[in-house]
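**Student:** What follows is protein32.txt; its format and atoms are compact mmCIF, C-alpha atoms.
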# COMPACT_ATOMS: atom_id res chain seq x y z
CA MET A 1 27.88 22.96 -15.81
CA ASN A 2 25.69 24.85 -13.33
CA LYS A 3 22.85 26.72 -14.78
CA LYS A 4 22.41 30.38 -14.08
CA LEU A 5 19.84 30.89 -11.32
CA THR A 6 16.66 32.73 -12.08
CA LYS A 7 15.66 35.76 -10.03
CA LYS A 8 12.98 33.72 -8.31
CA GLN A 9 15.41 30.93 -7.44
CA CYS A 10 17.87 33.48 -6.07
CA LEU A 11 15.22 34.99 -3.83
CA GLU A 12 14.25 31.54 -2.68
CA GLU A 13 17.85 30.72 -1.76
CA VAL A 14 18.37 33.99 0.07
CA ARG A 15 15.20 33.47 2.05
CA MET A 16 16.34 29.99 2.93
CA LEU A 17 19.73 31.29 4.03
CA ALA A 18 18.09 33.90 6.30
CA LYS A 19 15.76 31.26 7.70
CA ARG A 20 18.61 28.84 8.48
CA ILE A 21 20.57 31.55 10.30
CA GLU A 22 17.50 32.55 12.32
CA GLU A 23 16.47 29.01 13.19
CA SER A 24 19.65 27.32 14.19
CA GLY A 25 22.12 30.08 14.51
CA GLY A 26 24.26 27.23 13.18
CA ASP A 27 27.06 28.35 10.95
CA ASP A 28 27.34 25.09 8.97
CA ASP A 29 24.23 25.34 6.86
CA ALA A 30 24.65 29.05 6.32
CA SER A 31 28.23 28.77 5.14
CA ARG A 32 27.32 25.88 2.85
CA LEU A 33 24.72 28.06 1.20
CA LEU A 34 27.16 30.95 0.88
CA ASP A 35 29.65 28.60 -0.82
CA LYS A 36 26.99 27.54 -3.23
CA PHE A 37 26.34 31.17 -4.22
CA HIS A 38 30.01 31.65 -4.79
CA ASN A 39 30.32 28.52 -6.97
CA ASP A 40 27.36 29.51 -9.08
CA ARG A 41 28.99 32.85 -9.85
CA ASP A 42 32.26 31.13 -10.87
CA ALA A 43 30.39 28.75 -13.14
CA ASP A 44 28.68 31.68 -14.85
CA LEU A 45 32.03 33.34 -15.41
CA PHE A 46 33.53 30.18 -16.95
CA HIS A 47 30.47 29.76 -19.07
CA GLU A 48 30.84 33.33 -20.36
CA ILE A 49 34.57 32.91 -21.14
CA GLY A 50 33.78 29.68 -23.01
CA ARG A 51 31.20 31.47 -25.10
CA LEU A 52 33.61 34.33 -25.93
CA THR A 53 36.33 31.85 -26.91
CA ARG A 54 33.99 30.07 -29.28
CA ASP A 55 32.86 33.38 -30.79
CA LEU A 56 36.50 34.35 -31.38
CA HIS A 57 37.23 30.99 -33.03
CA ASP A 58 34.20 31.33 -35.29
CA SER A 59 35.17 34.88 -36.21
CA LEU A 60 38.68 33.77 -37.16
CA ASN A 61 37.30 30.98 -39.31
CA GLY A 62 34.84 33.39 -40.83
CA PHE A 63 37.66 35.82 -41.56
CA ARG A 64 39.59 33.16 -43.47
CA LEU A 65 36.47 32.29 -45.43
CA ASP A 66 35.78 36.00 -46.03
CA ALA A 67 39.22 36.41 -47.62
CA ARG A 68 38.40 33.75 -50.23
CA VAL A 69 34.94 35.25 -50.77
CA VAL A 70 36.53 38.68 -51.31
CA SER A 71 38.93 37.22 -53.87
CA ILE A 72 36.05 35.49 -55.64
CA ALA A 73 34.08 38.73 -55.75
CA GLU A 74 37.00 40.92 -56.83
CA LYS A 75 38.81 38.66 -59.25
CA ASP A 76 37.07 35.42 -60.15
CA ILE A 77 33.56 36.70 -60.80
CA PRO A 78 34.69 39.50 -63.18
CA ASP A 79 36.99 36.97 -64.84
CA ALA A 80 34.08 34.52 -65.24
CA ARG A 81 31.97 37.35 -66.66
CA ASP A 82 34.66 38.10 -69.25
CA ARG A 83 34.93 34.42 -70.10
CA LEU A 84 31.19 34.07 -70.56
CA ASN A 85 31.12 37.20 -72.71
CA HIS A 86 33.85 35.59 -74.79
CA VAL A 87 31.65 32.49 -75.13
CA ILE A 88 28.80 34.69 -76.37
CA SER A 89 30.98 36.40 -78.94
CA MET A 90 32.51 33.09 -80.12
CA THR A 91 29.14 31.39 -80.54
CA GLU A 92 27.79 34.48 -82.29
CA GLN A 93 30.74 34.54 -84.66
CA ALA A 94 30.39 30.81 -85.37
CA ALA A 95 26.68 31.21 -86.07
CA ARG A 96 27.38 34.13 -88.42
CA ARG A 97 30.09 32.24 -90.31
CA THR A 98 27.84 29.18 -90.63
CA LEU A 99 24.79 31.16 -91.74
CA SER A 100 26.64 33.18 -94.35
CA ALA A 101 28.21 30.01 -95.80
CA ILE A 102 24.77 28.38 -95.92
CA GLU A 103 23.16 31.46 -97.48
CA GLU A 104 25.78 31.45 -100.20
CA THR A 105 25.51 27.71 -100.84
CA MET A 106 21.74 27.22 -100.93
CA PRO A 107 20.98 29.31 -104.05
CA MET A 108 23.89 27.55 -105.75
CA SER A 109 22.49 24.09 -105.06
CA ASN A 110 18.99 25.26 -106.09
CA ARG A 111 20.34 26.66 -109.35
CA LEU A 112 22.21 23.43 -110.12
CA GLY A 113 19.07 21.38 -109.38
CA GLU A 114 16.87 23.56 -111.60
CA SER A 115 19.34 23.52 -114.49
CA ALA A 116 19.69 19.73 -114.24
CA THR A 117 15.88 19.25 -114.27
CA SER A 118 15.46 21.48 -117.31
CA LEU A 119 18.37 19.81 -119.16
CA LYS A 120 16.96 16.39 -118.33
CA GLY A 121 13.69 17.37 -120.09
CA GLU A 122 15.60 18.54 -123.17
CA TRP A 123 17.77 15.42 -123.10
CA THR A 124 14.70 13.15 -123.04
CA ARG A 125 13.36 14.99 -126.12
CA PHE A 126 16.76 14.50 -127.78
CA THR A 127 16.74 10.70 -127.09
CA ARG A 128 13.24 10.57 -128.64
CA ARG A 129 14.65 12.36 -131.69
CA GLU A 130 12.24 15.25 -131.15
CA LEU A 131 14.85 18.03 -131.41
CA THR A 132 15.47 20.13 -134.50
CA PRO A 133 19.16 20.64 -135.41
CA GLU A 134 18.91 24.24 -134.11
CA GLU A 135 17.44 23.03 -130.79
CA PHE A 136 20.16 20.41 -130.50
CA ARG A 137 22.88 23.03 -130.95
CA MET A 138 21.25 25.08 -128.17
CA LEU A 139 21.08 22.01 -125.92
CA ALA A 140 24.75 21.25 -126.54
CA ARG A 141 25.68 24.83 -125.58
CA ARG A 142 23.54 24.65 -122.42
CA ILE A 143 25.14 21.34 -121.40
CA GLU A 144 28.57 22.87 -121.83
CA GLU A 145 27.61 25.89 -119.72
CA PHE A 146 26.07 23.60 -117.09
CA LEU A 147 29.25 21.53 -116.79
CA ALA A 148 31.32 24.69 -116.38
CA ALA A 149 28.89 25.96 -113.72
CA ILE A 150 29.10 22.64 -111.84
CA THR A 151 32.88 22.83 -111.75
CA ALA A 152 32.86 26.37 -110.36
CA ASP A 153 29.96 25.81 -107.95
CA ALA A 154 31.29 22.50 -106.64
CA SER A 155 34.53 24.15 -105.62
CA CYS A 156 32.60 27.02 -104.00
CA ILE A 157 30.25 24.59 -102.18
CA HIS A 158 33.24 22.63 -100.95
CA SER A 159 34.95 25.71 -99.58
CA ASN A 160 31.71 26.82 -97.88
CA LEU A 161 31.33 23.38 -96.29
CA MET A 162 34.88 23.64 -95.00
CA GLU A 163 34.01 27.06 -93.59
CA ILE A 164 31.01 25.52 -91.78
CA LEU A 165 33.22 22.73 -90.50
CA MET A 166 35.82 25.13 -89.12
CA ALA A 167 33.14 27.29 -87.52
CA GLN A 168 32.22 24.34 -85.24
CA GLU A 169 35.54 24.80 -83.47
CA TYR A 170 33.79 27.12 -81.01
CA GLN A 171 32.22 24.12 -79.29
CA ASP A 172 35.55 22.88 -77.98
CA ILE A 173 36.76 26.26 -76.78
CA THR A 174 33.48 27.45 -75.28
CA GLY A 175 33.08 24.03 -73.65
CA GLN A 176 36.41 24.45 -71.87
CA ILE A 177 35.52 27.98 -70.75
CA ILE A 178 32.10 26.95 -69.45
CA HIS A 179 33.63 24.04 -67.51
CA ARG A 180 35.86 26.56 -65.72
CA VAL A 181 32.94 28.82 -64.84
CA ILE A 182 31.00 25.82 -63.53
CA ARG A 183 33.92 25.03 -61.22
CA LEU A 184 33.85 28.62 -59.94
CA VAL A 185 30.10 28.45 -59.32
CA GLN A 186 30.71 25.26 -57.34
CA GLU A 187 33.32 27.07 -55.26
CA VAL A 188 31.00 30.03 -54.64
CA GLU A 189 28.34 27.59 -53.50
CA ASP A 190 30.77 25.89 -51.11
CA SER A 191 31.84 29.28 -49.71
CA LEU A 192 28.25 30.33 -49.18
CA VAL A 193 27.50 27.10 -47.35
CA GLY A 194 30.60 27.80 -45.22
CA LEU A 195 29.41 31.33 -44.43
CA ILE A 196 26.00 30.05 -43.44
CA ARG A 197 27.66 27.57 -41.09
CA VAL A 198 29.75 30.30 -39.49
CA SER A 199 26.83 32.69 -39.09
CA GLY A 200 24.89 29.78 -37.64
CA GLN A 201 27.47 29.83 -34.75
CA ARG A 202 28.84 26.41 -35.57
CA ILE A 203 32.50 25.60 -35.79
CA ILE A 204 33.42 24.40 -39.27
CA PRO A 205 36.46 22.31 -40.09
CA ALA A 206 39.22 24.31 -41.80
CA ASP A 207 39.08 23.85 -45.55
CA PRO A 208 42.13 25.28 -47.25
CA ALA A 209 41.10 25.17 -50.92
CA LYS A 210 44.62 25.93 -52.02
CA GLU A 211 45.45 26.51 -55.64
CA THR A 212 48.06 24.22 -57.08
CA GLY A 213 51.21 25.61 -58.71
CA THR A 214 51.14 25.16 -62.48
CA VAL A 215 47.68 24.53 -63.81
CA LEU A 216 46.61 24.46 -67.43
CA GLU A 217 44.89 27.74 -68.19
CA GLY A 218 42.89 26.74 -71.23
CA PRO A 219 41.78 29.18 -73.92
CA GLN A 220 43.19 32.69 -73.54
CA ILE A 221 40.55 35.36 -73.95
CA ARG A 222 42.88 38.41 -73.98
CA PRO A 223 46.22 37.03 -75.13
CA PHE A 224 47.48 40.41 -76.36
CA GLU A 225 47.38 41.80 -72.82
CA ARG A 226 49.80 39.18 -71.47
CA SER A 227 53.42 38.67 -72.28
CA ASP A 228 53.58 35.11 -70.94
CA VAL A 229 51.14 33.73 -73.49
CA VAL A 230 51.27 33.56 -77.26
CA ALA A 231 48.57 35.42 -79.19
CA ASN A 232 48.55 33.35 -82.37
CA GLN A 233 50.18 30.57 -84.35
CA ASP A 234 52.93 32.88 -85.66
CA GLU A 235 54.12 33.48 -82.11
CA VAL A 236 54.07 29.73 -81.41
CA ASP A 237 56.18 29.18 -84.53
CA SER A 238 58.72 31.84 -83.68
CA LEU A 239 59.01 30.58 -80.09
CA LEU A 240 59.59 27.04 -81.32
CA SER A 241 62.05 28.15 -83.97
CA SER A 242 63.99 30.01 -81.27
CA LEU A 243 64.23 26.61 -79.53
CA GLY A 244 65.70 25.07 -82.67
CA PHE A 245 62.49 23.66 -84.16
CA MET B 1 53.57 12.18 -96.78
CA ASP B 2 51.88 8.94 -97.79
CA LYS B 3 48.12 9.46 -97.97
CA ASN B 4 47.55 6.04 -96.41
CA THR B 5 49.40 7.06 -93.27
CA LYS B 6 47.40 5.84 -90.26
CA ILE B 7 46.64 8.79 -87.99
CA LEU B 8 45.33 8.77 -84.40
CA ILE B 9 43.43 11.87 -83.25
CA VAL B 10 43.15 12.31 -79.45
CA ASP B 11 40.79 14.99 -78.11
CA ASP B 12 38.08 14.89 -75.42
CA PHE B 13 35.75 17.02 -77.56
CA ALA B 14 34.08 15.00 -80.30
CA THR B 15 33.48 18.20 -82.30
CA MET B 16 37.21 18.94 -82.41
CA ARG B 17 37.98 15.35 -83.43
CA GLY B 18 35.38 15.72 -86.18
CA ILE B 19 36.95 18.97 -87.41
CA ILE B 20 40.47 17.55 -87.53
CA LYS B 21 39.24 14.33 -89.14
CA ASN B 22 37.42 16.28 -91.88
CA LEU B 23 40.39 18.57 -92.46
CA LEU B 24 42.62 15.52 -92.80
CA ARG B 25 40.19 13.92 -95.24
CA ASP B 26 40.26 17.13 -97.24
CA LEU B 27 44.05 16.87 -97.34
CA GLY B 28 43.67 13.32 -98.61
CA TYR B 29 44.25 11.37 -95.40
CA ASN B 30 41.42 8.90 -94.94
CA ASN B 31 43.04 6.39 -92.61
CA VAL B 32 42.10 8.01 -89.29
CA VAL B 33 41.22 6.59 -85.87
CA GLU B 34 40.09 8.49 -82.75
CA ALA B 35 40.49 8.38 -78.96
CA ASP B 36 39.13 10.71 -76.29
CA ASP B 37 42.12 10.92 -73.93
CA GLY B 38 45.58 9.52 -73.25
CA ASN B 39 44.25 6.49 -71.42
CA THR B 40 42.16 5.34 -74.36
CA ALA B 41 44.85 6.36 -76.87
CA LEU B 42 47.65 4.25 -75.37
CA PRO B 43 46.14 0.81 -76.05
CA VAL B 44 45.47 1.91 -79.65
CA LEU B 45 49.08 3.11 -80.02
CA ARG B 46 50.48 -0.04 -78.40
CA GLY B 47 48.28 -2.13 -80.69
CA GLY B 48 50.59 -0.93 -83.46
CA GLY B 49 50.08 0.54 -86.90
CA ILE B 50 49.65 4.20 -85.93
CA GLN B 51 52.10 6.34 -87.93
CA PHE B 52 51.13 9.82 -86.79
CA LEU B 53 49.62 11.13 -83.55
CA ILE B 54 47.63 14.35 -83.24
CA THR B 55 46.72 15.15 -79.63
CA ASP B 56 45.04 17.80 -77.50
CA TRP B 57 46.76 18.75 -74.22
CA ASN B 58 44.08 19.37 -71.63
CA MET B 59 42.00 16.21 -71.31
CA PRO B 60 40.49 14.39 -68.34
CA GLY B 61 42.25 11.15 -67.47
CA MET B 62 45.64 11.25 -69.15
CA SER B 63 46.65 14.62 -70.61
CA GLY B 64 48.30 15.06 -74.00
CA LEU B 65 51.63 15.92 -72.38
CA GLU B 66 51.59 12.75 -70.28
CA LEU B 67 50.67 10.81 -73.41
CA LEU B 68 53.59 12.40 -75.26
CA ARG B 69 56.00 11.53 -72.43
CA THR B 70 54.69 7.96 -72.29
CA VAL B 71 55.10 7.62 -76.05
CA ARG B 72 58.68 8.96 -75.95
CA ALA B 73 59.54 6.57 -73.10
CA ASP B 74 58.19 3.54 -74.95
CA ALA B 75 60.86 1.90 -77.14
CA ASN B 76 58.31 0.84 -79.76
CA LEU B 77 56.66 4.27 -80.00
CA ALA B 78 59.52 6.66 -79.23
CA LYS B 79 59.95 7.80 -82.84
CA LEU B 80 56.26 8.37 -83.56
CA PRO B 81 55.70 11.91 -84.87
CA VAL B 82 53.42 13.85 -82.53
CA LEU B 83 51.54 17.07 -83.31
CA MET B 84 49.90 18.88 -80.42
CA VAL B 85 46.74 20.88 -81.17
CA THR B 86 45.69 22.73 -78.04
CA ALA B 87 44.19 25.91 -76.57
CA GLU B 88 47.12 26.12 -74.11
CA ALA B 89 49.00 29.24 -75.14
CA LYS B 90 51.42 29.95 -72.28
CA ARG B 91 54.98 30.26 -73.46
CA GLU B 92 56.34 28.09 -70.65
CA GLN B 93 53.89 25.36 -71.64
CA ILE B 94 54.97 25.44 -75.28
CA VAL B 95 58.59 25.18 -74.10
CA GLU B 96 57.60 22.29 -71.83
CA ALA B 97 55.96 20.47 -74.76
CA ALA B 98 59.02 21.14 -76.92
CA GLN B 99 61.29 19.70 -74.24
CA ALA B 100 59.05 16.65 -73.94
CA GLY B 101 59.70 15.97 -77.62
CA ILE B 102 56.81 17.39 -79.61
CA ASN B 103 57.18 17.51 -83.41
CA GLY B 104 54.72 20.35 -83.93
CA TYR B 105 52.48 22.63 -81.88
CA ILE B 106 49.27 24.27 -83.09
CA VAL B 107 47.35 26.67 -80.89
CA LYS B 108 43.55 26.77 -81.14
CA PRO B 109 41.70 28.34 -82.83
CA PHE B 110 43.58 27.33 -85.96
CA THR B 111 43.03 27.25 -89.72
CA ALA B 112 42.96 24.40 -92.21
CA ASN B 113 46.07 25.84 -93.77
CA THR B 114 48.02 25.80 -90.48
CA LEU B 115 47.25 22.11 -90.04
CA LYS B 116 48.41 21.35 -93.58
CA GLU B 117 51.63 23.37 -93.14
CA LYS B 118 52.56 21.70 -89.87
CA ILE B 119 51.88 18.18 -91.14
CA ASP B 120 53.88 18.83 -94.32
CA LYS B 121 56.76 20.29 -92.31
CA ILE B 122 56.86 17.36 -89.87
CA PHE B 123 57.03 14.82 -92.69
CA GLU B 124 59.54 16.85 -94.70
CA ARG B 125 61.84 16.80 -91.66
CA ILE B 126 61.35 13.08 -91.17
CA ALA B 127 62.09 12.43 -94.85
CA ALA B 128 65.20 14.67 -94.65
CA SER B 129 66.58 12.91 -91.59
CA ALA B 130 65.84 9.41 -92.89
Any chance you could put this one into structure tokens?
**Tutor:**
Amino acid sequence: MNKKLTKKQCLEEVRMLAKRIEESGGDDDASRLLDKFHNDRDADLFHEIGRLTRDLHDSLNGFRLDARVVSIAEKDIPDARDRLNHVISMTEQAARRTLSAIEETMPMSNRLGESATSLKGEWTRFTRRELTPEEFRMLARRIEEFLAAITADASCIHSNLMEILMAQEYQDITGQIIHRVIRLVQEVEDSLVGLIRVSGQRIIPADPAKETGTVLEGPQIRPFERSDVVANQDEVDSLLSSLGF
Amino acid sequence: MDKNTKILIVDDFATMRGIIKNLLRDLGYNNVVEADDGNTALPVLRGGGIQFLITDWNMPGMSGLELLRTVRADANLAKLPVLMVTAEAKREQIVEAAQAGINGYIVKPFTANTLKEKIDKIFERIAASA
């Protein structure tokens, strides 16, 4: 493609044209130079149209990209924020459940340990025949109380351990939610890279990141606000029983 | 249900497998094996001896629903009782699982009591139809 002539080059060419006409009076050289001027102007015009076409193409691509960015900003980011807030509240709840079960269990295990140590001392005295009959009766009563306490505490410790176990469930659910947010962050990153490409005046290949039809949605964070999801196990059971289960 | 029943737990989250395993132990079931998705579960199932399958739905590799369909299509495994324990709560998905031949469906988060109820119910039905 011809390059646009600078002012200096133009002047040079015009001078040359005038000189040729003066010198030879010959039409050939002069008309050749005039043709050249004409061609240069055409080339500039084509060049300009080419540039406009490319700008239009880039703008259209940018527009398509913008639409996805708008949807990310309006829908996906607030959704991700809700999901992450849900993660915070689930982990907080799990931590609270775990801590309160531990707080209840620790004094119990301490108390059992202390009672056992003290009884062991008394028992050793008994085996050495150092106890008076009155002391022995007291020891027998304490052993009986201790056994009753173990029975009650063991059941309480067991139920607290189960509570701690169930509280760990958050890890599965929060893990799924965080995976989803990571995927969104990845998409935002890709879109930003795309925008940078467009603003850098380079044509990018079309990338239709289309959503597929039925995807698994994972944990519901506001099930009561939707009619197409169940909110709890009772609703699962009644749905299944309506299907003959 | 016989406490020696051999149970396979399939879930991609080790924590969830641990929870279910401990709940089962608390209910008296100690014969438990684990797998982390459908692809690793199938060889275990085809190896024989598994009498009860508890599976998650959403897993990388082979999902719980695909695993269920594969089990139902396999002559040797078709009658295996399957309990799905999943966070998927859409009605159409529950219906889909029911149509694929699930024996029970538990939505996460769940309680120890729910697990016990569903297992008891599944085996009561099996005993009644036997």
**Student:** Stretch 17-115 of chain B near stretch 175-183 of chain A within 10 Å: what's each residue's closest atom pair and its distance in Å to one decimal, counting all atoms listed in the file, ordered by chain then ascending residue number, as a Markdown table?
**Tutor:**
| residue | atom | partner | partner_atom | distance |
| --- | --- | --- | --- | --- |
| B:Asn58 | CA | A:Gln176 | CA | 9.2 |
| B:Met59 | CA | A:Gln176 | CA | 10.0 |
| B:Ala87 | CA | A:Gln176 | CA | 9.2 |
**Student:** Scan for residues within 12 Å of the point (44.4, 12.4, -105.8) in the coordinates of the file, using all atoms listed in the file, and reply as a list of chain:residue names.
**Tutor:**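 With a cut-off of 12 Å, the residues come to B:Asp2, B:Lys3, B:Asn4, B:Arg25, B:Asp26, B:Leu27, B:Gly28, B:Tyr29, B:Asn30.
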**Student:** Only C-alpha atoms, please: the residues just picked out, written as a compact mmCIF listing (two decimals), in the frame of the given file.
**Tutor:**
# COMPACT_ATOMS: atom_id res chain seq x y z
CA ASP B 2 51.88 8.94 -97.79
CA LYS B 3 48.12 9.46 -97.97
CA ASN B 4 47.55 6.04 -96.41
CA ARG B 25 40.19 13.92 -95.24
CA ASP B 26 40.26 17.13 -97.24
CA LEU B 27 44.05 16.87 -97.34
CA GLY B 28 43.67 13.32 -98.61
CA TYR B 29 44.25 11.37 -95.40
CA ASN B 30 41.42 8.90 -94.94
**Student:** Centre and edge lengths of an axis-aligned box around all listed atoms of stretch 126-139 of chain A, with 5 Å added on each side, are to be given in Å to one decimal, as AutoDock Vina command-line options.
**Tutor:**
--center_x 17.6 --center_y 17.8 --center_z -130.7 --size_x 20.6 --size_y 24.5 --size_z 19.5
**Student:** Can you check which residues of chain A have any atom within 8 Å of chain B? Use all atoms listed in the file and format it as a VMD selection string.
**Tutor:** chain A and resid 162 165 to 166 168 to 169 171 to 173 216 to 220 228 to 233 236 to 237 239 to 240 243
**Student:** Identify which of the residues B:Ile50, B:Val33, B:Ala128, B:Val10 lies closest to B:Leu67, counting only C-alpha atoms when measuring atom-to-atom distances.
**Tutor:**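 With only C-alpha atoms as the atom set, the closest residue is B:Val10.
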**Student:** Considering all atoms listed in the file, return as a list in words whatever protein or nucleic-acid residues lie within 9 Å of stretch 76-79 of chain B, sequence-local ones (same chain, fewer than 6 positions apart) excluded.
**Tutor:** Leu45, Arg46, Gly48 and Thr70 of chain B
**Student:** Quote the spacing between atom CA of B:Gln51 and atom CA of B:Lys6 in Å to one decimal place.
**Tutor:**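 Atom CA of B:Lys6 lies 5.3 Å from atom CA of B:Gln51.
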**Student:** Counting only C-alpha atoms, which of A:Arg32, A:Lys7, A:Ser191, A:Ile164 gets nearest to A:Ala101?
**Tutor:** A:Ile164
**Student:** Work out how far apart atom CA of A:Thr98 and atom CA of A:Leu161 are and give it in Å to one decimal.
**Tutor:** 8.8 Å
**Student:** Which residue gives the smallest distance to A:Ala94 among A:Ser199, A:Pro107, A:Ala73, A:Tyr170, with all atoms listed in the file counted?
**Tutor:**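 Going through A:Ser199, A:Pro107, A:Ala73, A:Tyr170 one by one, the smallest distance to A:Ala94 is for A:Tyr170.
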**Student:** I want to know what sits within 8 Å of stretch 60-71 of chain A, based on all atoms listed in the file, with residues of the same chain fewer than 3 positions away left out; could you give that as number ranges by chain?
**Tutor:** A: 56-57, 74-76, 188, 191, 194-195, 198, 204, 206
**Student:** So how many Å separate atom CA of A:Arg197 and atom CA of A:Asp58, to one decimal?
**Tutor:**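 Rounded to one decimal, the two atoms are 9.5 Å apart.
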**Student:** Measuring between only C-alpha atoms, which one of B:Gly47, B:Pro81, B:Gly101, B:Gly38 shows the shortest distance to B:Phe123?
**Tutor:** B:Pro81
**Student:** Measuring atom to atom with only C-alpha atoms, identify which of A:Glu104, A:Glu189, A:Glu122, A:Glu145 is nearest to A:His158.
**Tutor:**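 Looking only at the distances to A:His158, the closest residue turns out to be A:Glu104.
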**Student:** If we draw a sphere of 8 Å around (47.0, 14.6, -87.5), which residues have at least one atom in it when counting only C-alpha atoms? Please report them as an MDAnalysis selection string.
**Tutor:** chainID B and resid 7:9 20:21 24 52:55 83 115 119
